[in-house]
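Pasting work.txt here (compact mmCIF, C-alpha atoms and all ligand atoms):
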```txt
# COMPACT_ATOMS: atom_id res chain seq x y z
CA MET A 294 -17.33 14.93 19.03
CA LYS A 295 -13.53 14.84 19.39
CA THR A 296 -12.01 15.00 22.87
CA ASP A 297 -8.42 14.43 23.97
CA LEU A 298 -5.52 14.88 21.59
CA LEU A 299 -3.87 11.45 21.42
CA TYR A 300 -1.00 12.18 19.08
CA GLU A 301 0.39 14.93 16.86
CA GLY A 302 2.18 13.84 13.71
CA LYS A 303 3.87 15.98 11.06
CA ALA A 304 0.73 16.21 8.92
CA LYS A 305 -2.19 15.26 11.19
CA LEU A 306 -3.60 15.54 14.70
CA VAL A 307 -5.24 12.41 16.13
CA TYR A 308 -8.09 12.78 18.62
CA GLN A 309 -10.14 10.41 20.73
CA VAL A 310 -13.90 10.49 20.14
CA ARG A 311 -16.44 10.94 22.93
CA ASP A 312 -19.39 8.73 22.04
CA LYS A 313 -17.81 6.29 19.64
CA THR A 314 -15.38 3.85 21.20
CA GLY A 315 -13.06 2.24 18.70
CA HIS A 316 -12.98 5.37 16.55
CA LEU A 317 -10.61 8.32 16.15
CA VAL A 318 -10.81 11.72 14.48
CA LEU A 319 -7.93 12.71 12.18
CA ASP A 320 -7.49 16.46 11.70
CA TYR A 321 -5.27 17.34 8.72
CA LYS A 322 -2.77 20.16 9.38
CA ASN A 323 -1.60 22.87 7.00
CA ASP A 324 2.07 21.96 7.57
CA ALA A 325 4.22 20.55 4.79
CA THR A 326 7.47 18.84 5.76
CA ALA A 327 10.17 17.08 3.79
CA PHE A 328 13.53 15.45 4.50
CA ASN A 329 12.31 14.07 7.84
CA GLY A 330 11.10 17.49 8.97
CA GLY A 331 14.29 19.27 7.79
CA LYS A 332 12.21 21.50 5.49
CA LYS A 333 8.94 22.90 6.81
CA GLU A 334 6.35 25.41 5.65
CA VAL A 335 2.73 26.21 6.45
CA PHE A 336 0.27 26.37 3.52
CA THR A 337 -3.17 27.66 4.55
CA GLY A 338 -5.68 25.29 2.95
CA LYS A 339 -3.36 22.27 2.59
CA GLY A 340 -5.17 20.41 5.40
CA ARG A 341 -8.51 20.74 3.62
CA LEU A 342 -7.07 19.60 0.28
CA ASN A 343 -5.40 16.48 1.72
CA ASN A 344 -8.48 15.62 3.78
CA GLU A 345 -10.68 15.86 0.66
CA ILE A 346 -8.24 13.93 -1.56
CA SER A 347 -7.59 11.18 0.99
CA ALA A 348 -11.34 10.85 1.75
CA TYR A 349 -12.10 10.57 -1.98
CA ILE A 350 -9.54 7.78 -2.44
CA PHE A 351 -10.44 5.84 0.71
CA ASN A 352 -14.13 5.98 -0.27
CA VAL A 353 -13.30 4.39 -3.62
CA LEU A 354 -11.11 1.73 -1.95
CA ASN A 355 -13.88 0.92 0.56
CA GLU A 356 -16.37 0.60 -2.32
CA GLN A 357 -13.95 -1.77 -4.06
CA GLY A 358 -13.95 -4.06 -1.00
CA ILE A 359 -10.50 -3.13 0.32
CA GLN A 360 -10.62 -3.00 4.11
CA THR A 361 -9.51 0.40 5.40
CA HIS A 362 -9.77 2.40 8.62
CA PHE A 363 -11.76 5.16 6.88
CA VAL A 364 -15.37 5.78 7.96
CA GLU A 365 -16.37 9.27 6.74
CA LYS A 366 -15.29 12.85 6.20
CA LEU A 367 -16.59 15.01 9.07
CA SER A 368 -15.57 18.55 8.15
CA GLU A 369 -13.18 20.45 5.89
CA THR A 370 -10.12 19.08 7.68
CA GLU A 371 -11.45 16.18 9.76
CA GLN A 372 -12.33 12.56 9.13
CA LEU A 373 -13.65 9.72 11.29
CA VAL A 374 -11.66 6.48 11.22
CA HIS A 375 -11.66 3.14 13.01
CA GLN A 376 -9.01 3.07 15.73
CA THR A 377 -6.05 0.91 14.82
CA GLU A 378 -2.66 0.23 16.28
CA ILE A 379 -0.31 1.38 13.56
CA ILE A 380 2.22 -1.23 12.39
CA PRO A 381 5.53 0.69 12.32
CA LEU A 382 6.24 0.01 8.65
CA GLU A 383 6.12 2.32 5.64
CA VAL A 384 5.21 0.14 2.70
CA VAL A 385 6.37 1.81 -0.51
CA VAL A 386 5.20 0.51 -3.91
CA ARG A 387 7.12 1.68 -6.98
CA ASN A 388 5.87 1.43 -10.58
CA VAL A 389 8.58 3.67 -11.99
CA ALA A 390 11.98 4.68 -10.59
CA ALA A 391 11.98 8.09 -8.88
CA GLY A 392 13.12 9.60 -5.58
CA SER A 393 15.29 7.72 -3.10
CA ILE A 394 15.69 4.52 -5.12
CA THR A 395 17.37 6.38 -8.00
CA ARG A 396 20.04 7.64 -5.56
CA ARG A 397 20.33 4.55 -3.32
CA LEU A 398 20.75 2.03 -6.12
CA ASP A 399 21.80 4.32 -8.99
CA ILE A 400 18.75 3.37 -11.06
CA LYS A 401 17.96 5.77 -13.88
CA ALA A 402 14.87 7.90 -13.15
CA ASP A 403 11.80 6.82 -15.19
CA THR A 404 12.88 3.15 -15.41
CA PRO A 405 9.67 1.08 -15.18
CA PHE A 406 9.37 -1.72 -12.59
CA ASN A 407 7.34 -4.59 -13.95
CA PRO A 408 6.23 -6.20 -11.67
CA PRO A 409 6.01 -3.28 -9.25
CA LEU A 410 8.65 -3.17 -6.55
CA ILE A 411 7.81 -3.17 -2.83
CA GLU A 412 10.14 -1.64 -0.25
CA LEU A 413 9.75 -1.61 3.53
CA PHE A 414 10.95 1.24 5.72
CA TYR A 415 10.97 1.24 9.53
CA LYS A 416 8.70 4.05 10.75
CA ASP A 417 11.05 5.79 13.19
CA ASP A 418 11.80 9.51 12.80
CA ASP A 419 14.86 9.36 15.09
CA LEU A 420 16.41 6.76 12.77
CA GLY A 421 15.24 8.62 9.61
CA ASP A 422 12.87 5.81 8.54
CA PRO A 423 15.57 3.36 7.34
CA LEU A 424 15.03 0.80 4.57
CA ILE A 425 14.64 -2.67 6.11
CA ASN A 426 14.19 -6.25 4.92
CA ASP A 427 11.44 -8.76 5.77
CA GLU A 428 13.37 -10.28 8.70
CA HIS A 429 13.85 -6.81 10.22
CA ALA A 430 10.13 -6.10 9.74
CA LEU A 431 9.18 -9.31 11.58
CA PHE A 432 11.59 -8.50 14.40
CA LEU A 433 10.60 -4.82 14.72
CA SER A 434 6.81 -5.23 14.63
CA ASP A 435 4.22 -7.64 16.01
CA ILE A 436 3.20 -9.04 12.62
CA ASN A 437 3.92 -12.64 11.65
CA LYS A 438 5.17 -14.03 8.35
CA SER A 439 1.75 -14.63 6.84
CA GLU A 440 0.57 -11.15 7.89
CA LEU A 441 3.61 -9.62 6.17
CA GLN A 442 2.69 -11.53 3.04
CA GLU A 443 -0.93 -10.36 3.42
CA ILE A 444 0.28 -6.73 3.70
CA LYS A 445 2.34 -7.07 0.51
CA THR A 446 -0.55 -8.67 -1.38
CA LYS A 447 -2.87 -5.87 -0.23
CA ALA A 448 -0.31 -3.22 -1.22
CA LEU A 449 -0.22 -4.62 -4.78
CA GLU A 450 -4.04 -4.76 -4.94
CA ILE A 451 -4.20 -1.15 -3.76
CA ASN A 452 -1.59 -0.27 -6.40
CA GLN A 453 -3.94 -1.62 -9.08
CA GLN A 454 -6.88 0.37 -7.74
CA LEU A 455 -4.88 3.60 -7.33
CA THR A 456 -3.29 3.23 -10.76
CA ARG A 457 -6.80 3.01 -12.24
CA ILE A 458 -8.17 5.96 -10.21
CA PHE A 459 -5.31 8.25 -11.24
CA LYS A 460 -5.16 7.08 -14.85
CA ALA A 461 -8.78 8.20 -15.18
CA VAL A 462 -7.59 11.76 -14.49
CA ASN A 463 -4.58 11.49 -16.82
CA LEU A 464 -2.02 10.84 -14.07
CA GLN A 465 0.64 8.17 -13.84
CA LEU A 466 1.04 6.67 -10.36
CA VAL A 467 4.82 6.54 -10.03
CA ASP A 468 5.11 5.40 -6.40
CA PHE A 469 3.39 5.76 -3.04
CA LYS A 470 3.64 4.93 0.64
CA LEU A 471 1.08 3.00 2.68
CA GLU A 472 0.66 2.32 6.37
CA PHE A 473 -1.36 -0.51 7.86
CA GLY A 474 -2.93 -0.80 11.30
CA ARG A 475 -4.46 -3.50 13.47
CA LEU A 476 -8.09 -3.19 14.58
CA ALA A 477 -9.14 -4.37 18.07
CA SER A 478 -10.39 -7.54 16.32
CA GLY A 479 -6.82 -8.31 15.23
CA CYS A 480 -7.62 -7.66 11.57
CA ILE A 481 -5.04 -5.65 9.59
CA VAL A 482 -6.46 -2.79 7.49
CA LEU A 483 -5.12 0.08 5.40
CA SER A 484 -4.65 3.15 7.63
CA ASP A 485 -3.12 6.65 7.58
CA GLU A 486 -3.67 8.72 4.40
CA ILE A 487 -3.32 8.58 0.64
CA SER A 488 -2.65 12.06 -0.69
CA PRO A 489 -0.16 14.01 -2.81
CA ASP A 490 2.03 14.01 0.35
CA THR A 491 2.36 10.23 0.06
CA CYS A 492 2.21 9.57 -3.71
CA ARG A 493 4.21 10.62 -6.77
CA LEU A 494 1.85 11.53 -9.59
CA TRP A 495 2.97 12.65 -13.03
CA ASP A 496 0.67 14.11 -15.68
CA ILE A 497 0.63 11.54 -18.50
CA THR A 498 0.74 14.22 -21.21
CA THR A 499 2.99 16.95 -19.78
CA HIS A 500 4.95 14.95 -17.11
CA GLU A 501 4.16 17.77 -14.65
CA ASN A 502 4.38 16.67 -10.97
CA LEU A 503 1.08 16.85 -9.06
CA ASP A 504 2.50 15.91 -5.66
CA LYS A 505 4.77 16.97 -2.79
CA ASP A 506 7.88 16.81 -4.98
CA VAL A 507 7.07 20.44 -5.99
CA PHE A 508 7.69 21.36 -2.33
CA ARG A 509 10.59 18.93 -1.77
CA GLN A 510 12.38 20.27 -4.86
CA GLY A 511 11.03 23.84 -4.72
CA THR A 512 9.75 23.56 -8.29
CA GLY A 513 6.13 24.66 -7.96
CA ASP A 514 3.22 25.98 -5.91
CA LEU A 515 2.04 23.22 -3.55
CA LEU A 516 -1.50 24.60 -3.05
CA GLU A 517 -2.03 25.11 -6.77
CA VAL A 518 -0.88 21.58 -7.57
CA TYR A 519 -2.93 19.89 -4.80
CA GLN A 520 -6.02 21.90 -5.85
CA LYS A 521 -5.50 20.84 -9.46
CA LEU A 522 -5.40 17.18 -8.37
CA LEU A 523 -8.57 17.52 -6.26
CA SER A 524 -10.43 19.33 -9.06
CA ARG A 525 -9.55 16.56 -11.52
CA LEU A 526 -10.78 13.85 -9.11
CA GLU A 527 -13.99 15.78 -8.33
CA ALA A 528 -14.71 16.27 -12.02
CA ARG A 529 -14.86 12.45 -12.32
CA SER A 530 -17.32 11.84 -9.48
P1 LIG B 1 11.11 8.03 -1.64
O1 LIG B 1 11.42 7.97 -3.09
O2 LIG B 1 11.56 9.31 -0.98
O3 LIG B 1 11.58 6.81 -0.88
O4 LIG B 1 9.51 8.05 -1.52
C1 LIG B 1 8.72 7.01 -2.05
C2 LIG B 1 7.24 7.38 -1.90
O5 LIG B 1 6.86 7.41 -0.55
C3 LIG B 1 6.88 8.73 -2.48
O6 LIG B 1 5.64 8.61 -3.18
C4 LIG B 1 6.71 9.63 -1.29
C5 LIG B 1 6.32 8.69 -0.19
N1 LIG B 1 6.90 9.06 1.10
C6 LIG B 1 6.06 9.31 2.18
O7 LIG B 1 4.83 9.24 2.05
N2 LIG B 1 6.63 9.61 3.38
C7 LIG B 1 7.96 9.69 3.56
O8 LIG B 1 8.40 9.97 4.68
C8 LIG B 1 8.82 9.43 2.44
C9 LIG B 1 10.31 9.51 2.59
C10 LIG B 1 8.24 9.12 1.24
N1 LIG B 2 7.30 12.76 5.26
C1 LIG B 2 8.69 13.11 5.45
C2 LIG B 2 8.80 14.40 6.23
O1 LIG B 2 7.84 14.90 6.67
C3 LIG B 2 9.51 13.11 4.21
C4 LIG B 2 8.89 13.24 2.86
O2 LIG B 2 7.70 13.02 2.66
O3 LIG B 2 9.63 13.58 1.93
O4 LIG B 2 9.84 14.97 6.46
```

Represent the supplied structure as C-alpha cells.
Ligand code: TMP
Ligand code: ASP
Amino acid sequence: MKTDLLYEGKAKLVYQVRDKTGHLVLDYKNDATAFNGGKKEVFTGKGRLNNEISAYIFNVLNEQGIQTHFVEKLSETEQLVHQTEIIPLEVVVRNVAAGSITRRLDIKADTPFNPPLIELFYKDDDLGDPLINDEHALFLSDINKSELQEIKTKALEINQQLTRIFKAVNLQLVDFKLEFGRLASGCIVLSDEISPDTCRLWDITTHENLDKDVFRQGTGDLLEVYQKLLSRLEARS
C-alpha cells in the first residue's frame, strides 16, 4: 500500500500511498529522542506501543466529533491518515506546571493552571523550537487570525476530552503538545500523534510518570511505562 518515503521525522516515517490519493501512511519508529535529538536511544517495541496508544486516542477523538487526520490503524506500527500540510506550530496545553515552564518562568512544579495555559512554539529543529507569540505565529505560518483562534479553541476542547480519557485510567493529564494540519479542502484538523512522547501523565494515586519524562530524566524503563499506559487504556475498551 505505501510507496515513496516522503519524510523521516524523529519518531515517525511518512509514506505516500499508492491507491489512495489524499492519504499518507505513518510508520512509528522505535527511536526515542529528547532535548532536540541530543539524547537518543532505540527501544524495540516503542513504535508499536505509540502507534497503538495514538490510534486509541484518535479513535476516541473522532468518535467525539473532533476533526482529525486519523483514518485507521493498518498494522503494528502503521496507520493511515488524511494528508495534511502541517502548520509549523507546536501547540502546548498545560493544566499543571511541569517541564520547561517551571525553568523558563520560575513557576513551582505542580502549580495548577486554571484556566489551562496555551503556549505556541515554532516547529523548527535548527532553532530548537522556540516559544513564540501570536503575532510571530501569524507571520511564520499561513494561518490567519481567526484560524489561530480556532486552533486554540480546538486545543482546549481536546484538553477536555484527553483529561477525561486519562482520568478514567487514574492518570492526571499534566500537559501535552498538539500539531494541526491543513487538508486539501483548506480545513484545519488535528494531526501528528498523541502518545506518551507528547503528553505528561502522572498516576493520580502514586504520582508515578507514565510518559517520556522517564527517558528524558533517566528515571524509569520507557517500554515498561508505555506498556502500562496501553494496558490501562485497553482494559477500558
Ligand atoms: P515542555 O515542558 O518541555 O515544554 O513540554 C511540554 C509538553 O510538550 C510535554 O507534554 C512534552 C511535549 N513535547 C513534545 O511533544 N515535543 C517536544 O519537542 C517538546 C519539547 C515537548
Ligand atoms: N521531541 C524532542 C526531541 O525529540 C524533545 C522532547 O520531546 O523532549 O528531541

For range 321-335 of chain A, list every protein, DNA or RNA residue within 10 Å, evaluated using only C-alpha atoms, and leave out those in the same chain fewer than 5 positions away; present the list as a PyMOL selection string. chain A and resi 301-307+340-345+369-372+417-422+486+490+505-506+508-510+515

Would you please work out which residue, of A:Leu449, A:Leu471, A:Leu526, A:Leu413, is nearest to Leu431 in chain A when using only C-alpha atoms?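 Checking each of A:Leu449, A:Leu471, A:Leu526, A:Leu413 against Leu431 in chain A, counting only C-alpha atoms, the winner is A:Leu413.
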
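You can rank A:Thr377, A:Ser347, A:Ser439, A:Ser488 by their closest distance to ligand LIG 1 (chain B) using all atoms listed in the file, and at the top of that list sits A:Ser488.
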
Residue contacts of Gln442 in chain A (12 Å, all atoms listed in the file) excluding same-chain residues fewer than 4 positions away, as a list in words: Val384, Ile411, Asp427, Ala430, Leu431, Ile436, Asn437, Lys438, Thr446, Lys447, Ala448, Leu449 and Ile481 of chain A

Selected residues written out, C-alpha atoms, as a PDB file, in the frame of the given file:
```pdb
ATOM      1  CA  VAL A 384       5.210   0.140   2.700  1.00  0.00           C
ATOM      2  CA  ILE A 411       7.810  -3.170  -2.830  1.00  0.00           C
ATOM      3  CA  ASP A 427      11.440  -8.760   5.770  1.00  0.00           C
ATOM      4  CA  ALA A 430      10.130  -6.100   9.740  1.00  0.00           C
ATOM      5  CA  LEU A 431       9.180  -9.310  11.580  1.00  0.00           C
ATOM      6  CA  ILE A 436       3.200  -9.040  12.620  1.00  0.00           C
ATOM      7  CA  ASN A 437       3.920 -12.640  11.650  1.00  0.00           C
ATOM      8  CA  LYS A 438       5.170 -14.030   8.350  1.00  0.00           C
ATOM      9  CA  THR A 446      -0.550  -8.670  -1.380  1.00  0.00           C
ATOM     10  CA  LYS A 447      -2.870  -5.870  -0.230  1.00  0.00           C
ATOM     11  CA  ALA A 448      -0.310  -3.220  -1.220  1.00  0.00           C
ATOM     12  CA  LEU A 449      -0.220  -4.620  -4.780  1.00  0.00           C
ATOM     13  CA  ILE A 481      -5.040  -5.650   9.590  1.00  0.00           C
TER      14      ILE A 481
END
```

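Straight-line separation from CA of Leu433 in chain A to atom O1 of ligand LIG 2 (chain B): 21.5 Å.
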
Tell me which of A:Cys480, A:Ile380, A:Ala348, A:Ile487 sits closest to ligand LIG 1 (chain B), counting all atoms listed in the file. A:Ile487

Near range 492-504 of chain A, within 10 Å and counting all atoms listed in the file, which residues show up once chain neighbours fewer than 4 positions away are dropped, as a PyMOL selection string? chain A and resi 385-387+389+391-392+455-456+459-460+462-471+487-488+508-509+512-522

Rounded to one decimal, what separation in Å do you get between CA of Pro409 in chain A and CA of Asn452 in chain A? 8.7 Å

Can you work out which one of A:Pro381, A:Gly511, A:Gly474, A:Pro489 has the shortest atom-to-atom distance to ligand LIG 1 (chain B), counting only C-alpha atoms and all ligand atoms?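 The closest residue to ligand LIG 1 (chain B) is A:Pro489.
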
Excluding Glu365 in chain A and its own-chain neighbours fewer than 2 positions away, which residues fall within 10 Å of it when counting all atoms listed in the file? Please give them as a PyMOL selection string. chain A and resi 318+348-349+351-352+362-363+367-368+371-375

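With distances restricted to all atoms listed in the file, A:Lys416 is the closest residue to ligand LIG 2 (chain B) from A:Arg475, A:Arg525, A:His429, A:Lys416.
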
Pick out the closest residue to Val310 in chain A from this set: A:Glu450, A:Asp297, A:Asp399, A:Asp485. Count only C-alpha atoms.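 Smallest separation from Val310 in chain A among the options: A:Asp297.
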
Scan for residues within 12 Å of the point (-11.4, 5.1, 23.8) in the coordinates of the file, using all atoms listed in the file, and reply as a ChimeraX atom specification. /A:295-299,308-318,375-377,477

Mind writing the picked residues with C-alpha atoms as a short mmCIF file (atom, residue, chain, number, x, y, z; two decimals), in the coordinates of the input?
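result.cif was written with the following content:
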```cif
data_model
loop_
_atom_site.label_atom_id
_atom_site.label_comp_id
_atom_site.auth_asym_id
_atom_site.auth_seq_id
_atom_site.Cartn_x
_atom_site.Cartn_y
_atom_site.Cartn_z
CA LYS A 295 -13.53 14.84 19.39
CA THR A 296 -12.01 15.00 22.87
CA ASP A 297 -8.42 14.43 23.97
CA LEU A 298 -5.52 14.88 21.59
CA LEU A 299 -3.87 11.45 21.42
CA TYR A 308 -8.09 12.78 18.62
CA GLN A 309 -10.14 10.41 20.73
CA VAL A 310 -13.90 10.49 20.14
CA ARG A 311 -16.44 10.94 22.93
CA ASP A 312 -19.39 8.73 22.04
CA LYS A 313 -17.81 6.29 19.64
CA THR A 314 -15.38 3.85 21.20
CA GLY A 315 -13.06 2.24 18.70
CA HIS A 316 -12.98 5.37 16.55
CA LEU A 317 -10.61 8.32 16.15
CA VAL A 318 -10.81 11.72 14.48
CA HIS A 375 -11.66 3.14 13.01
CA GLN A 376 -9.01 3.07 15.73
CA THR A 377 -6.05 0.91 14.82
CA ALA A 477 -9.14 -4.37 18.07
#
```

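Straight-line separation from atom P1 of ligand LIG 1 (chain B) to CA of Asn426 in chain A: 16.0 Å.
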
Six-sided padding of 4 Å per side, axis-aligned box over ligand LIG 2 (chain B), centre and edges in Å, one decimal, as JSON:
```
{"center_x": 8.6, "center_y": 13.9, "center_z": 4.3, "size_x": 10.5, "size_y": 10.2, "size_z": 12.7}
```
